[in-house]
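Novice: Sharing work-v2.txt here; it has compact mmCIF, C-alpha atoms.
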```txt
# COMPACT_ATOMS: atom_id res chain seq x y z
CA SER Z 883 0.00 0.00 0.00
CA ALA Z 884 1.08 3.58 -0.59
CA VAL Z 885 2.03 5.87 2.26
CA ILE Z 886 0.50 9.29 1.82
CA SER Z 887 1.18 12.40 3.85
CA GLN Z 888 -0.61 15.73 3.80
CA LYS Z 889 0.35 19.17 5.02
CA PRO Z 890 -0.99 20.93 6.93
CA SER Z 891 -2.97 18.49 9.04
CA ARG Z 892 -5.30 21.29 10.06
CA ASP Z 893 -5.62 25.04 9.73
CA ILE Z 894 -7.89 27.87 10.72
CA CYS Z 895 -8.13 30.57 8.09
CA GLN Z 896 -9.82 33.89 7.59
CA ARG Z 897 -12.50 34.49 5.02
CA GLY Z 898 -11.14 35.66 1.67
CA THR Z 899 -7.71 34.08 2.04
CA SER Z 900 -6.31 31.02 0.27
CA LEU Z 901 -4.74 27.83 1.56
CA THR Z 902 -2.55 25.37 -0.31
CA ILE Z 903 -2.63 21.75 0.79
CA GLN Z 904 0.24 19.45 -0.08
CA CYS Z 905 0.03 15.72 -0.74
CA GLN Z 906 3.13 13.55 -0.90
CA VAL Z 907 3.18 9.86 -1.86
CA ASP Z 908 6.03 7.45 -1.18
CA SER Z 909 5.84 5.92 -4.66
CA GLN Z 910 5.19 7.08 -8.19
CA VAL Z 911 1.52 7.07 -9.15
CA THR Z 912 -0.27 8.01 -12.32
CA MET Z 913 -3.42 9.52 -10.89
CA MET Z 914 -4.02 11.41 -7.70
CA PHE Z 915 -7.45 12.36 -6.45
CA TRP Z 916 -8.68 15.18 -4.25
CA TYR Z 917 -11.83 14.76 -2.15
CA ARG Z 918 -13.80 17.01 0.14
CA GLN Z 919 -15.63 15.78 3.21
CA GLN Z 920 -17.94 18.43 4.60
CA PRO Z 921 -18.94 18.17 8.27
CA GLY Z 922 -21.11 15.12 8.82
CA GLN Z 923 -21.11 14.32 5.12
CA SER Z 924 -19.63 11.75 2.81
CA LEU Z 925 -16.68 12.23 0.51
CA THR Z 926 -17.10 14.10 -2.74
CA LEU Z 927 -14.52 14.00 -5.49
CA ILE Z 928 -13.20 17.45 -6.40
CA ALA Z 929 -10.81 16.53 -9.20
CA THR Z 930 -8.44 13.99 -10.65
CA ALA Z 931 -4.84 15.06 -11.21
CA ASN Z 932 -2.58 13.42 -13.76
CA GLN Z 933 1.05 14.38 -13.97
CA GLY Z 934 1.76 16.64 -16.93
CA SER Z 935 -1.80 17.58 -17.71
CA GLU Z 936 -4.52 19.79 -16.31
CA ALA Z 937 -6.67 18.35 -13.59
CA THR Z 938 -10.13 17.06 -14.45
CA TYR Z 939 -12.79 18.65 -12.26
CA GLU Z 940 -16.09 17.15 -11.21
CA SER Z 941 -19.37 18.92 -11.64
CA GLY Z 942 -19.68 21.76 -9.17
CA PHE Z 943 -15.94 22.34 -8.80
CA VAL Z 944 -13.94 24.82 -10.86
CA ILE Z 945 -10.27 25.46 -11.38
CA ASP Z 946 -10.44 29.08 -10.26
CA LYS Z 947 -11.69 28.01 -6.85
CA PHE Z 948 -9.64 24.82 -6.47
CA PRO Z 949 -6.45 25.10 -8.57
CA ILE Z 950 -4.41 21.92 -8.54
CA SER Z 951 -0.78 21.31 -9.39
CA ARG Z 952 0.81 17.98 -10.21
CA PRO Z 953 4.48 18.68 -10.89
CA ASN Z 954 5.69 15.08 -10.64
CA LEU Z 955 4.52 11.52 -10.00
CA THR Z 956 4.74 11.72 -6.20
CA PHE Z 957 3.35 15.14 -5.34
CA SER Z 958 0.28 17.30 -5.77
CA THR Z 959 -1.18 20.44 -4.27
CA LEU Z 960 -4.75 21.66 -3.91
CA THR Z 961 -5.42 25.33 -3.27
CA VAL Z 962 -8.69 26.48 -1.75
CA SER Z 963 -9.04 30.05 -3.00
CA ASN Z 964 -10.96 33.02 -1.66
CA MET Z 965 -12.27 30.95 1.19
CA SER Z 966 -15.64 31.26 2.86
CA PRO Z 967 -17.03 29.41 5.90
CA GLU Z 968 -18.73 26.99 3.49
CA ASP Z 969 -15.27 25.71 2.54
CA SER Z 970 -14.76 24.37 6.06
CA SER Z 971 -14.19 20.68 5.42
CA ILE Z 972 -11.69 17.89 5.53
CA TYR Z 973 -9.73 17.68 2.30
CA LEU Z 974 -8.23 14.32 1.42
CA CYS Z 975 -5.93 13.19 -1.33
CA SER Z 976 -5.82 9.63 -2.54
CA VAL Z 977 -4.05 7.42 -5.05
CA ASP Z 978 -4.89 4.25 -6.89
CA SER Z 979 -3.25 1.06 -5.85
CA ARG Z 980 -1.47 -0.84 -8.59
CA GLY Z 981 -3.28 0.94 -11.42
CA THR Z 982 -6.92 1.62 -12.00
CA TYR Z 983 -10.00 -0.23 -10.83
CA ASN Z 984 -8.57 -1.19 -7.50
CA GLU Z 985 -8.87 0.37 -4.12
CA GLN Z 986 -7.64 3.85 -3.42
CA PHE Z 987 -5.41 4.74 -0.51
CA PHE Z 988 -6.07 7.95 1.33
CA GLY Z 989 -3.97 10.50 3.09
CA PRO Z 990 -4.79 11.52 6.67
CA GLY Z 991 -6.68 14.59 5.52
CA THR Z 992 -6.43 18.31 6.13
CA ARG Z 993 -9.06 19.75 8.45
CA LEU Z 994 -9.84 23.30 7.33
CA THR Z 995 -11.88 25.77 9.34
CA VAL Z 996 -12.76 29.11 7.77
CA LEU Z 997 -13.87 31.90 10.07
CA ALA M 140 -26.87 8.01 -12.20
CA GLN M 141 -24.58 5.98 -10.01
CA SER M 142 -25.35 6.02 -6.31
CA VAL M 143 -24.61 4.26 -3.06
CA ALA M 144 -27.08 4.02 -0.20
CA GLN M 145 -26.28 3.33 3.41
CA PRO M 146 -29.74 3.33 4.96
CA GLU M 147 -28.60 3.55 8.59
CA ASP M 148 -26.99 6.67 9.98
CA GLN M 149 -25.96 4.75 13.09
CA VAL M 150 -25.71 1.13 14.16
CA ASN M 151 -25.46 0.22 17.84
CA VAL M 152 -24.11 -3.17 18.86
CA ALA M 153 -23.05 -4.75 22.12
CA GLU M 154 -19.48 -6.02 22.28
CA GLY M 155 -19.28 -9.67 21.30
CA ASN M 156 -22.44 -9.56 19.21
CA PRO M 157 -22.44 -9.84 15.43
CA LEU M 158 -22.71 -6.62 13.46
CA THR M 159 -24.03 -5.72 10.02
CA VAL M 160 -23.66 -2.41 8.24
CA LYS M 161 -25.85 -2.21 5.17
CA CYS M 162 -25.01 -0.94 1.71
CA THR M 163 -26.92 -1.01 -1.56
CA TYR M 164 -25.83 0.46 -4.84
CA SER M 165 -27.20 1.59 -8.15
CA VAL M 166 -24.59 1.30 -10.87
CA SER M 167 -24.88 0.00 -14.39
CA GLY M 168 -23.06 -3.22 -15.10
CA ASN M 169 -20.86 -4.93 -12.53
CA PRO M 170 -19.08 -2.43 -10.34
CA TYR M 171 -16.16 -2.80 -8.03
CA LEU M 172 -17.30 -2.53 -4.40
CA PHE M 173 -15.37 -1.33 -1.38
CA TRP M 174 -15.64 -0.71 2.33
CA TYR M 175 -13.60 1.90 4.15
CA VAL M 176 -13.40 2.84 7.82
CA GLN M 177 -12.68 6.26 9.28
CA TYR M 178 -11.59 6.59 12.88
CA PRO M 179 -11.94 9.98 14.58
CA ASN M 180 -9.47 12.54 13.23
CA ARG M 181 -7.97 9.98 10.88
CA GLY M 182 -8.06 9.41 7.15
CA LEU M 183 -9.91 6.60 5.44
CA GLN M 184 -8.57 3.08 5.75
CA PHE M 185 -9.36 0.41 3.20
CA LEU M 186 -11.13 -2.64 4.68
CA LEU M 187 -12.05 -4.90 1.80
CA LYS M 188 -13.21 -5.07 -1.80
CA TYR M 189 -15.23 -7.17 -4.19
CA ILE M 190 -13.95 -7.41 -7.75
CA THR M 191 -15.13 -10.81 -8.96
CA GLY M 192 -15.44 -14.39 -7.82
CA ASP M 193 -16.62 -15.55 -4.40
CA ASN M 194 -19.49 -13.43 -3.13
CA LEU M 195 -18.12 -13.47 0.41
CA VAL M 196 -14.97 -11.43 0.75
CA LYS M 197 -12.80 -11.18 3.83
CA GLY M 198 -10.89 -8.12 4.84
CA SER M 199 -8.96 -6.43 7.61
CA TYR M 200 -9.73 -6.64 11.34
CA GLY M 201 -12.02 -9.67 10.94
CA PHE M 202 -14.53 -7.91 8.72
CA GLU M 203 -16.21 -9.54 5.78
CA ALA M 204 -18.80 -8.49 3.23
CA GLU M 205 -21.29 -10.33 1.12
CA PHE M 206 -21.99 -9.32 -2.45
CA ASN M 207 -25.53 -9.99 -3.59
CA LYS M 208 -26.03 -9.17 -7.24
CA SER M 209 -29.79 -9.68 -7.32
CA GLN M 210 -30.30 -7.34 -4.39
CA THR M 211 -27.46 -5.00 -5.45
CA SER M 212 -26.16 -5.10 -1.92
CA PHE M 213 -22.77 -5.33 -0.29
CA HIS M 214 -23.35 -5.53 3.46
CA LEU M 215 -20.42 -5.39 5.86
CA LYS M 216 -20.36 -7.97 8.64
CA LYS M 217 -18.34 -9.12 11.60
CA PRO M 218 -19.18 -12.14 13.75
CA SER M 219 -18.12 -10.58 17.05
CA ALA M 220 -17.89 -6.81 17.48
CA LEU M 221 -15.19 -5.06 19.49
CA VAL M 222 -15.40 -1.69 21.20
CA SER M 223 -12.44 -0.66 19.06
CA ASP M 224 -14.57 -1.21 15.93
CA SER M 225 -16.49 1.95 16.78
CA ALA M 226 -15.93 4.27 13.82
CA LEU M 227 -17.51 5.66 10.67
CA TYR M 228 -17.90 3.15 7.85
CA PHE M 229 -18.22 4.06 4.18
CA CYS M 230 -19.34 1.88 1.33
CA ALA M 231 -18.04 2.86 -2.11
CA VAL M 232 -18.44 1.72 -5.70
CA ARG M 233 -16.35 2.15 -8.77
CA ASP M 234 -17.66 1.73 -12.30
CA ARG M 235 -15.68 -0.87 -14.22
CA GLY M 236 -16.37 0.90 -17.46
CA SER M 237 -14.86 4.26 -16.59
CA GLN M 238 -11.55 5.62 -15.48
CA GLY M 239 -13.36 5.34 -12.27
CA ASN M 240 -13.50 7.60 -9.35
CA LEU M 241 -15.02 6.20 -6.17
CA ILE M 242 -18.61 7.03 -5.32
CA PHE M 243 -19.20 6.95 -1.58
CA GLY M 244 -22.23 6.35 0.54
CA LYS M 245 -23.00 8.87 3.26
CA GLY M 246 -21.45 6.70 5.94
CA THR M 247 -22.74 4.73 8.92
CA LYS M 248 -21.54 5.37 12.42
CA LEU M 249 -20.92 2.13 14.27
CA SER M 250 -21.04 2.26 18.04
CA VAL M 251 -20.00 -0.82 19.98
CA LYS M 252 -20.76 -0.72 23.70
CA PRO M 253 -19.01 -2.88 26.29
```
Mind turning the file's structure into structure tokens?
Specialist:
Amino acid sequence: SAVISQKPSRDICQRGTSLTIQCQVDSQVTMMFWYRQQPGQSLTLIATANQGSEATYESGFVIDKFPISRPNLTFSTLTVSNMSPEDSSIYLCSVDSRGTYNEQFFGPGTRLTVL
Amino acid sequence: AQSVAQPEDQVNVAEGNPLTVKCTYSVSGNPYLFWYVQYPNRGLQFLLKYITGDNLVKGSYGFEAEFNKSQTSFHLKKPSALVSDSALYFCAVRDRGSQGNLIFGKGTKLSVKP
């Protein structure tokens, strides 16, 4: 299984600011995924990030609000821009195991609170 | 549209008793099926999966799940619950025909009392 770390583990931010979340994997992976888990809710996919190409965003999520970088096969960042209290969530990155159609492994998450 | 239903927000079980956490899905074709567990302030941990073959799959921590194609269900089970099993459990599906992101149910909180 892949070992995934995220930074920061949690943060409290002011409305209107931006936060960049880092995701580091201990092995090279083709696809990385970013999810949002709002309080008391399930996980919702924000976007899929392939190295060397633009991220693919799910319905309801846009690049201006959630820009993603994927500079190499072990690292990705998600920025939450111009934050509002509604952005308070846990943000998780994940990777596929051994290619597609298998289970995904998740990072520990970043707990974001926007005041 | 693809969807996953976990009909119970919470399941309460006494330690030592069997537990079942229910999951049904609505996906075209034959999906891949997964269970994950989330402990407080932790990320998601993979428990088990069904890809093909035997309908009863065994996973981590003594959990198992039964795939029932006719009922489109994938219920999570454990013969004897532990207090340490108390956590949030998510069922997820993945469409075989697509590049395939996971679609999660809303989660079921399992509470095991001593």
Novice: Pull out every residue of chain M sitting within 6 Å of chain Z, counting all atoms listed in the file, and send them as a PyMOL selection string.
Specialist: chain M and resi 181-183+245
Novice: Would you please work out which residue, of M:Leu172, M:Leu227, M:Ala144, M:Leu158, is nearest to Asn240 in chain M when using only C-alpha atoms?
Specialist: M:Leu172
Novice: Can you pull out every residue within 7 Å of Trp174 in chain M, counting all atoms listed in the file, but drop anything in the same chain fewer than 2 positions away, and send it as a PyMOL selection string?
Specialist: chain M and resi 176+185-188+229-231
Novice: Counting only C-alpha atoms, find the residues whose atoms lie at most 8 Å from (-13.1, 17.5, -12.4) (file coordinates) and write them out as number ranges by chain.
Specialist: Z: 927-930, 937-941, 943-944
Novice: Using 7 Å as the limit and counting all atoms listed in the file, can you tabulate each residue of range 145-188 of chain M that touches range 205-224 of chain M, with its shortest atom-to-atom distance in Å and the two atoms involved, as a tab-separated table?
Specialist:
```
residue	atom	partner	partner_atom	distance
M:Glu154	CA	M:Ala220	CA	5.1
M:Gly155	CA	M:Ser219	CA	4.5
M:Asn156	CA	M:Ser219	CA	4.9
M:Pro157	CA	M:Pro218	CA	4.3
M:Leu158	CA	M:Lys217	CA	5.4
M:Thr159	CA	M:Lys216	CA	4.5
M:Val160	CA	M:Leu215	CA	5.0
M:Lys161	CA	M:His214	CA	4.5
M:Cys162	CA	M:His214	CA	5.2
M:Thr163	CA	M:Ser212	CA	4.2
M:Tyr164	CA	M:Thr211	CA	5.7
```
Novice: Take CA of Lys248 in chain M and CA of Lys197 in chain M and report the distance between them in Å, one decimal.
Specialist: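 Between CA of Lys248 in chain M and CA of Lys197 in chain M the gap is 20.6 Å.
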Novice: Which residues come within 6 Å of Phe948 in chain Z, counting all atoms listed in the file, excluding same-chain residues fewer than 2 positions away, as a ChimeraX atom specification?
Specialist: /Z:945-946,961-962
Novice: Given the choices M:Ala226, M:Ala204, M:Val150, M:Ile190, which gets closest to Asn169 in chain M if the distance is worked out from only C-alpha atoms?
Specialist: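 Nearest candidate to Asn169 in chain M out of M:Ala226, M:Ala204, M:Val150, M:Ile190: M:Ile190.
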Novice: Would you be able to write out as a ChimeraX atom specification which residues have an atom within 12 Å of (-21.8, 0.8, -13.4) in the file's coordinates, counting all atoms listed in the file?
Specialist: /M:140-143,164-172,211,232-242
Novice: Which residue gives the smallest distance to Thr956 in chain Z among Z:Thr899, Z:Asn932, Z:Ser971, Z:Gln919, with only C-alpha atoms counted?
Specialist: Z:Asn932
Novice: Calculated over all atoms listed in the file, which of the candidates M:Tyr175, M:Gly192, M:Gly244, M:Lys252 has the smallest distance to Glu147 in chain M?
Specialist: M:Gly244
Novice: State, in Å with one decimal place, the distance from CA of Pro146 in chain M to CA of Ser250 in chain M.
Specialist: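 For CA of Pro146 in chain M relative to CA of Ser250 in chain M, the distance reads 15.7 Å.
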Novice: Report, in Å to a single decimal, how far apart CA of Ser887 in chain Z and CA of Val911 in chain Z are.
Specialist: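 That distance, rounded to one decimal, is 14.1 Å.
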Novice: Find the residue from Z:Ser970, Z:Gln904, Z:Ser979, Z:Gln896 that sits nearest to Pro921 in chain Z; use all atoms listed in the file when measuring.
Specialist: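 Smallest distance to Pro921 in chain Z is found for Z:Ser970.
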